[in-house]
Amino acid sequence: MIRLRALLFNLGYFAFTTVLAIIGLPLLCRRRWVVWYSKIWTGLLLAWLKLTVGLDHEVRGLENLPQGPYILAPKHQSSWDTLVLNHLVPDPAVVLKRELTYIPLMGWYLSRAGNIVIDRKAGPSAVRKLVAQGRAIMAQGRPIVIFPEGTRGPVGGKLPYQPGVAALYAQLGIPLVPVALNSGPFWGRRTFIKRPGRITVEILPPIAPGLDRRRALAELESRVEAASSRLLAEIGFRAVPVDNPVDNEAAPG
């Protein structure tokens, strides 16, 4: 039954995305229209996910979101994370790799929405461009969303936290908001299966501006990893040993 429900969701996912992308092409002439349309897309997919798979979510700590521009730094365990954050945060500028903008149709929307596009192979110049684009976003009063690990990590483990988030924090002088979640056991990396249940997203108290880069990055990592581990424990997640070469995708419970 889980496979059947996952198949139904995946078919709808690709169908909705393709149809909406084609219908919405005229909206590409205005960025604010693209932002509005993206909320419809993510809202529809989240509703479809709940209907077909039985996977819902809750958000804790909304009161921790600051007024004005800020940097949102979530744990990244699943493709689901990008759906809910786009639906949750008003007009975010998401830091994403340039290759995503090459995806037919969808790449046009990602570019037109005013996201921050970086070339991860560019080395130090990529960080400089990230900060420059971040300043422009900050001037617009928009939040910046950056996954500090840079990509989806194994559930129950972590990848190195990248310097880009620390550079944004140090150079822009705006609050850094850690975000923990437990999405991975329900919708894992590179897996067909989606499992029923309730994902928890927890917005943690912001890290105020003023710390040096190294201390800020260490504080971010400590808060996000501790809270994410706690949220995984809440659903009874049992971790696969670290030396197992297979992705850590054990089911909750």
# chains A, B, ... in the order shown; residues from 1 in each chain; ligands from 1
call {"tool": "select_by_dssp", "arguments": {"residues": "stretch 5-75 of chain A", "states": "strand (DSSP E or B)", "output": "JSON, numbers by chain"}}
result
{"A": [55, 56, 57, 58, 59, 60, 71, 72, 73, 74]}
call {"tool": "write_last_selection", "arguments": {"atoms": "N, CA and C atoms", "output": "compact mmCIF listing (two decimals), in the first residue's frame"}}
result
# COMPACT_ATOMS: atom_id res chain seq x y z
N LEU A 55 1.00 12.11 4.54
CA LEU A 55 2.14 12.79 5.16
C LEU A 55 1.80 14.26 5.36
N ASP A 56 1.73 14.67 6.61
CA ASP A 56 1.39 16.04 6.98
C ASP A 56 2.60 16.65 7.70
N HIS A 57 2.45 17.88 8.17
CA HIS A 57 3.56 18.51 8.90
C HIS A 57 3.04 19.51 9.91
N GLU A 58 3.88 19.86 10.85
CA GLU A 58 3.61 20.93 11.79
C GLU A 58 4.84 21.82 11.87
N VAL A 59 4.60 23.08 12.18
CA VAL A 59 5.69 24.05 12.29
C VAL A 59 5.68 24.62 13.70
N ARG A 60 6.81 24.57 14.36
CA ARG A 60 6.97 25.15 15.69
C ARG A 60 7.89 26.36 15.62
N ILE A 71 18.50 35.60 7.66
CA ILE A 71 19.02 34.41 6.98
C ILE A 71 18.41 33.19 7.64
N LEU A 72 17.71 32.38 6.87
CA LEU A 72 17.11 31.16 7.39
C LEU A 72 18.01 30.00 6.99
N ALA A 73 18.48 29.23 7.98
CA ALA A 73 19.45 28.16 7.72
C ALA A 73 18.89 26.82 8.19
N PRO A 74 18.19 26.09 7.32
CA PRO A 74 17.56 24.84 7.73
C PRO A 74 18.47 23.63 7.53
call {"tool": "residues_around", "arguments": {"residues": "stretch 91-95 of chain A", "least_positions_apart": "2", "cutoff": "7 Å", "atoms": "only C-alpha atoms", "output": "PyMOL selection string"}}
result
chain A and resi 35+86+89+114-117+142-146
call {"tool": "closest_residue", "arguments": {"among": "A:Pro163, A:Gly68, A:Gly12, A:Pro205", "to": "A:Trp41", "atoms": "only C-alpha atoms"}}
result
A:Gly12
call {"tool": "atom_distance", "arguments": {"atom1": "atom CA of A:Leu25", "atom2": "atom CA of A:Leu44"}}
result
17.9 Å
call {"tool": "atom_distance", "arguments": {"atom1": "atom CA of A:Leu110", "atom2": "atom CA of A:Ser38"}}
result
9.4 Å
call {"tool": "residues_around", "arguments": {"residues": "A:Ile40", "least_positions_apart": "6", "cutoff": "12 Å", "atoms": "only C-alpha atoms", "output": "list in words"}}
result
Phe16, Thr17, Leu20, Ala21, Gly24, Trp33, Val34, Leu46, Ala47, Leu83, Val84, Asn86, His87 and Leu88 of chain A
call {"tool": "write_last_selection", "arguments": {"atoms": "C-alpha atoms", "output": "JSON list (two decimals), in the first residue's frame"}}
result
[["chain", "number", "residue", "atom", "x", "y", "z"],
["A", 16, "PHE", "CA", 0.84, 19.05, -11.55],
["A", 17, "THR", "CA", 4.32, 20.49, -12.02],
["A", 20, "LEU", "CA", 1.25, 24.38, -13.95],
["A", 21, "ALA", "CA", 4.62, 25.22, -15.48],
["A", 24, "GLY", "CA", 1.98, 29.79, -15.95],
["A", 33, "TRP", "CA", 3.48, 36.88, -10.20],
["A", 34, "VAL", "CA", 5.99, 34.04, -10.22],
["A", 46, "LEU", "CA", 1.66, 19.58, 0.05],
["A", 47, "ALA", "CA", -2.11, 19.01, -0.01],
["A", 83, "LEU", "CA", 8.50, 22.70, -0.76],
["A", 84, "VAL", "CA", 7.52, 23.66, 2.76],
["A", 86, "ASN", "CA", 8.86, 28.15, -0.04],
["A", 87, "HIS", "CA", 5.29, 27.89, 1.20],
["A", 88, "LEU", "CA", 6.13, 29.02, 4.73]]
call {"tool": "atom_distance", "arguments": {"atom1": "atom CA of A:Ile193", "atom2": "atom CA of A:Val19"}}
result
23.3 Å
call {"tool": "select_by_dssp", "arguments": {"residues": "stretch 12-253 of chain A", "states": "alpha helix (DSSP H)", "output": "PyMOL selection string"}}
result
chain A and resi 12-23+31-52+80-88+106-112+124-139+163-172+213-234
call {"tool": "residues_around", "arguments": {"residues": "A:Glu99", "least_positions_apart": "3", "cutoff": "10 Å", "atoms": "only C-alpha atoms", "output": "NGL selection string"}}
result
:A and (96 or 102-103 or 107 or 117-120)
call {"tool": "write_last_selection", "arguments": {"atoms": "C-alpha atoms", "output": "PDB file, in the first residue's frame"}}
result
ATOM      1  CA  LEU A  96      20.580  27.279  -5.125  1.00  0.00           C
ATOM      2  CA  TYR A 102      19.012  24.519 -16.487  1.00  0.00           C
ATOM      3  CA  ILE A 103      15.965  22.314 -15.844  1.00  0.00           C
ATOM      4  CA  GLY A 107      14.590  26.503 -14.260  1.00  0.00           C
ATOM      5  CA  VAL A 117      22.138  31.351  -8.011  1.00  0.00           C
ATOM      6  CA  ILE A 118      25.717  30.246  -7.386  1.00  0.00           C
ATOM      7  CA  ASP A 119      28.330  28.199  -9.199  1.00  0.00           C
ATOM      8  CA  ARG A 120      29.663  25.832  -6.566  1.00  0.00           C
TER       9      ARG A 120
END
call {"tool": "closest_atom_pairs", "arguments": {"of": "stretch 177-209 of chain A", "to": "stretch 166-169 of chain A", "cutoff": "12 Å", "atoms": "only C-alpha atoms", "output": "CSV"}}
result
residue,atom,partner,partner_atom,distance
A:Val177,CA,A:Tyr169,CA,10.1
A:Pro178,CA,A:Tyr169,CA,11.9
A:Pro206,CA,A:Tyr169,CA,11.5
A:Ile207,CA,A:Tyr169,CA,9.4
A:Ala208,CA,A:Tyr169,CA,9.4
A:Pro209,CA,A:Tyr169,CA,7.1
call {"tool": "closest_residue", "arguments": {"among": "A:Lys129, A:Lys39, A:Arg30, A:Arg152", "to": "A:Trp187", "atoms": "only C-alpha atoms"}}
result
A:Arg152
call {"tool": "closest_atom_pairs", "arguments": {"of": "stretch 159-185 of chain A", "to": "stretch 224-234 of chain A", "cutoff": "12 Å", "atoms": "only C-alpha atoms", "output": "CSV"}}
result
residue,atom,partner,partner_atom,distance
A:Leu159,CA,A:Glu225,CA,10.6
A:Pro160,CA,A:Glu225,CA,11.5
A:Tyr161,CA,A:Val224,CA,10.8
A:Leu176,CA,A:Val224,CA,11.7
A:Val177,CA,A:Val224,CA,9.7
A:Pro178,CA,A:Val224,CA,5.9
A:Val179,CA,A:Val224,CA,6.1
A:Ala180,CA,A:Ser228,CA,4.8
A:Leu181,CA,A:Ser228,CA,5.4
A:Asn182,CA,A:Leu232,CA,5.4
A:Ser183,CA,A:Leu232,CA,8.7
A:Gly184,CA,A:Leu232,CA,9.0
A:Pro185,CA,A:Leu232,CA,8.3
call {"tool": "write_last_selection", "arguments": {"atoms": "C-alpha atoms", "output": "tab-separated table (two decimals), in the first residue's frame"}}
result
chain	number	residue	atom	x	y	z
A	159	LEU	CA	27.73	16.96	6.28
A	160	PRO	CA	30.28	19.75	6.82
A	161	TYR	CA	28.68	23.16	7.25
A	176	LEU	CA	20.72	34.04	11.43
A	177	VAL	CA	17.78	31.73	12.11
A	178	PRO	CA	18.55	28.01	12.63
A	179	VAL	CA	15.88	25.52	11.53
A	180	ALA	CA	15.67	21.86	12.59
A	181	LEU	CA	13.47	19.20	11.02
A	182	ASN	CA	12.92	15.45	10.72
A	183	SER	CA	11.73	15.03	7.12
A	184	GLY	CA	14.28	12.43	6.03
A	185	PRO	CA	12.69	9.27	7.46
call {"tool": "decode", "arguments": {"residues": "stretch 70-88 of chain A", "atoms": "N, CA and C atoms", "output": "mmCIF file, in the first residue's frame"}}
result
data_model
loop_
_atom_site.group_PDB
_atom_site.id
_atom_site.type_symbol
_atom_site.label_atom_id
_atom_site.label_comp_id
_atom_site.auth_asym_id
_atom_site.auth_seq_id
_atom_site.Cartn_x
_atom_site.Cartn_y
_atom_site.Cartn_z
ATOM 1 N N TYR A 70 16.372 38.488 7.112
ATOM 2 C CA TYR A 70 17.119 37.568 7.962
ATOM 3 C C TYR A 70 17.620 36.408 7.097
ATOM 4 N N ILE A 71 18.501 35.600 7.658
ATOM 5 C CA ILE A 71 19.022 34.415 6.978
ATOM 6 C C ILE A 71 18.410 33.192 7.642
ATOM 7 N N LEU A 72 17.710 32.382 6.873
ATOM 8 C CA LEU A 72 17.110 31.162 7.390
ATOM 9 C C LEU A 72 18.007 29.995 6.993
ATOM 10 N N ALA A 73 18.482 29.231 7.981
ATOM 11 C CA ALA A 73 19.451 28.163 7.724
ATOM 12 C C ALA A 73 18.889 26.821 8.190
ATOM 13 N N PRO A 74 18.191 26.089 7.322
ATOM 14 C CA PRO A 74 17.556 24.839 7.733
ATOM 15 C C PRO A 74 18.475 23.626 7.532
ATOM 16 N N LYS A 75 18.257 22.619 8.349
ATOM 17 C CA LYS A 75 18.769 21.286 8.086
ATOM 18 C C LYS A 75 18.162 20.804 6.773
ATOM 19 N N HIS A 76 18.919 19.994 6.007
ATOM 20 C CA HIS A 76 18.415 19.552 4.699
ATOM 21 C C HIS A 76 18.493 18.038 4.624
ATOM 22 N N GLN A 77 17.332 17.381 4.745
ATOM 23 C CA GLN A 77 17.267 15.927 4.695
ATOM 24 C C GLN A 77 16.484 15.404 3.506
ATOM 25 N N SER A 78 15.705 16.293 2.849
ATOM 26 C CA SER A 78 14.725 15.808 1.885
ATOM 27 C C SER A 78 14.366 16.891 0.877
ATOM 28 N N SER A 79 13.874 16.453 -0.282
ATOM 29 C CA SER A 79 13.326 17.407 -1.255
ATOM 30 C C SER A 79 12.099 18.114 -0.688
ATOM 31 N N TRP A 80 11.453 17.480 0.260
ATOM 32 C CA TRP A 80 10.277 18.084 0.905
ATOM 33 C C TRP A 80 10.614 19.425 1.530
ATOM 34 N N ASP A 81 11.835 19.578 2.029
ATOM 35 C CA ASP A 81 12.235 20.803 2.727
ATOM 36 C C ASP A 81 12.025 22.038 1.855
ATOM 37 N N THR A 82 12.369 21.920 0.580
ATOM 38 C CA THR A 82 12.251 23.084 -0.311
ATOM 39 C C THR A 82 10.793 23.442 -0.556
ATOM 40 N N LEU A 83 9.918 22.429 -0.557
ATOM 41 C CA LEU A 83 8.501 22.700 -0.756
ATOM 42 C C LEU A 83 7.924 23.497 0.403
ATOM 43 N N VAL A 84 8.172 23.033 1.615
ATOM 44 C CA VAL A 84 7.523 23.665 2.761
ATOM 45 C C VAL A 84 8.108 25.035 3.060
ATOM 46 N N LEU A 85 9.418 25.220 2.865
ATOM 47 C CA LEU A 85 10.021 26.515 3.166
ATOM 48 C C LEU A 85 9.556 27.581 2.182
ATOM 49 N N ASN A 86 9.376 27.195 0.938
ATOM 50 C CA ASN A 86 8.864 28.149 -0.040
ATOM 51 C C ASN A 86 7.431 28.544 0.298
ATOM 52 N N HIS A 87 6.683 27.614 0.855
ATOM 53 C CA HIS A 87 5.290 27.888 1.205
ATOM 54 C C HIS A 87 5.182 28.642 2.527
ATOM 55 N N LEU A 88 6.184 28.472 3.380
ATOM 56 C CA LEU A 88 6.133 29.017 4.733
ATOM 57 C C LEU A 88 6.661 30.441 4.824
#
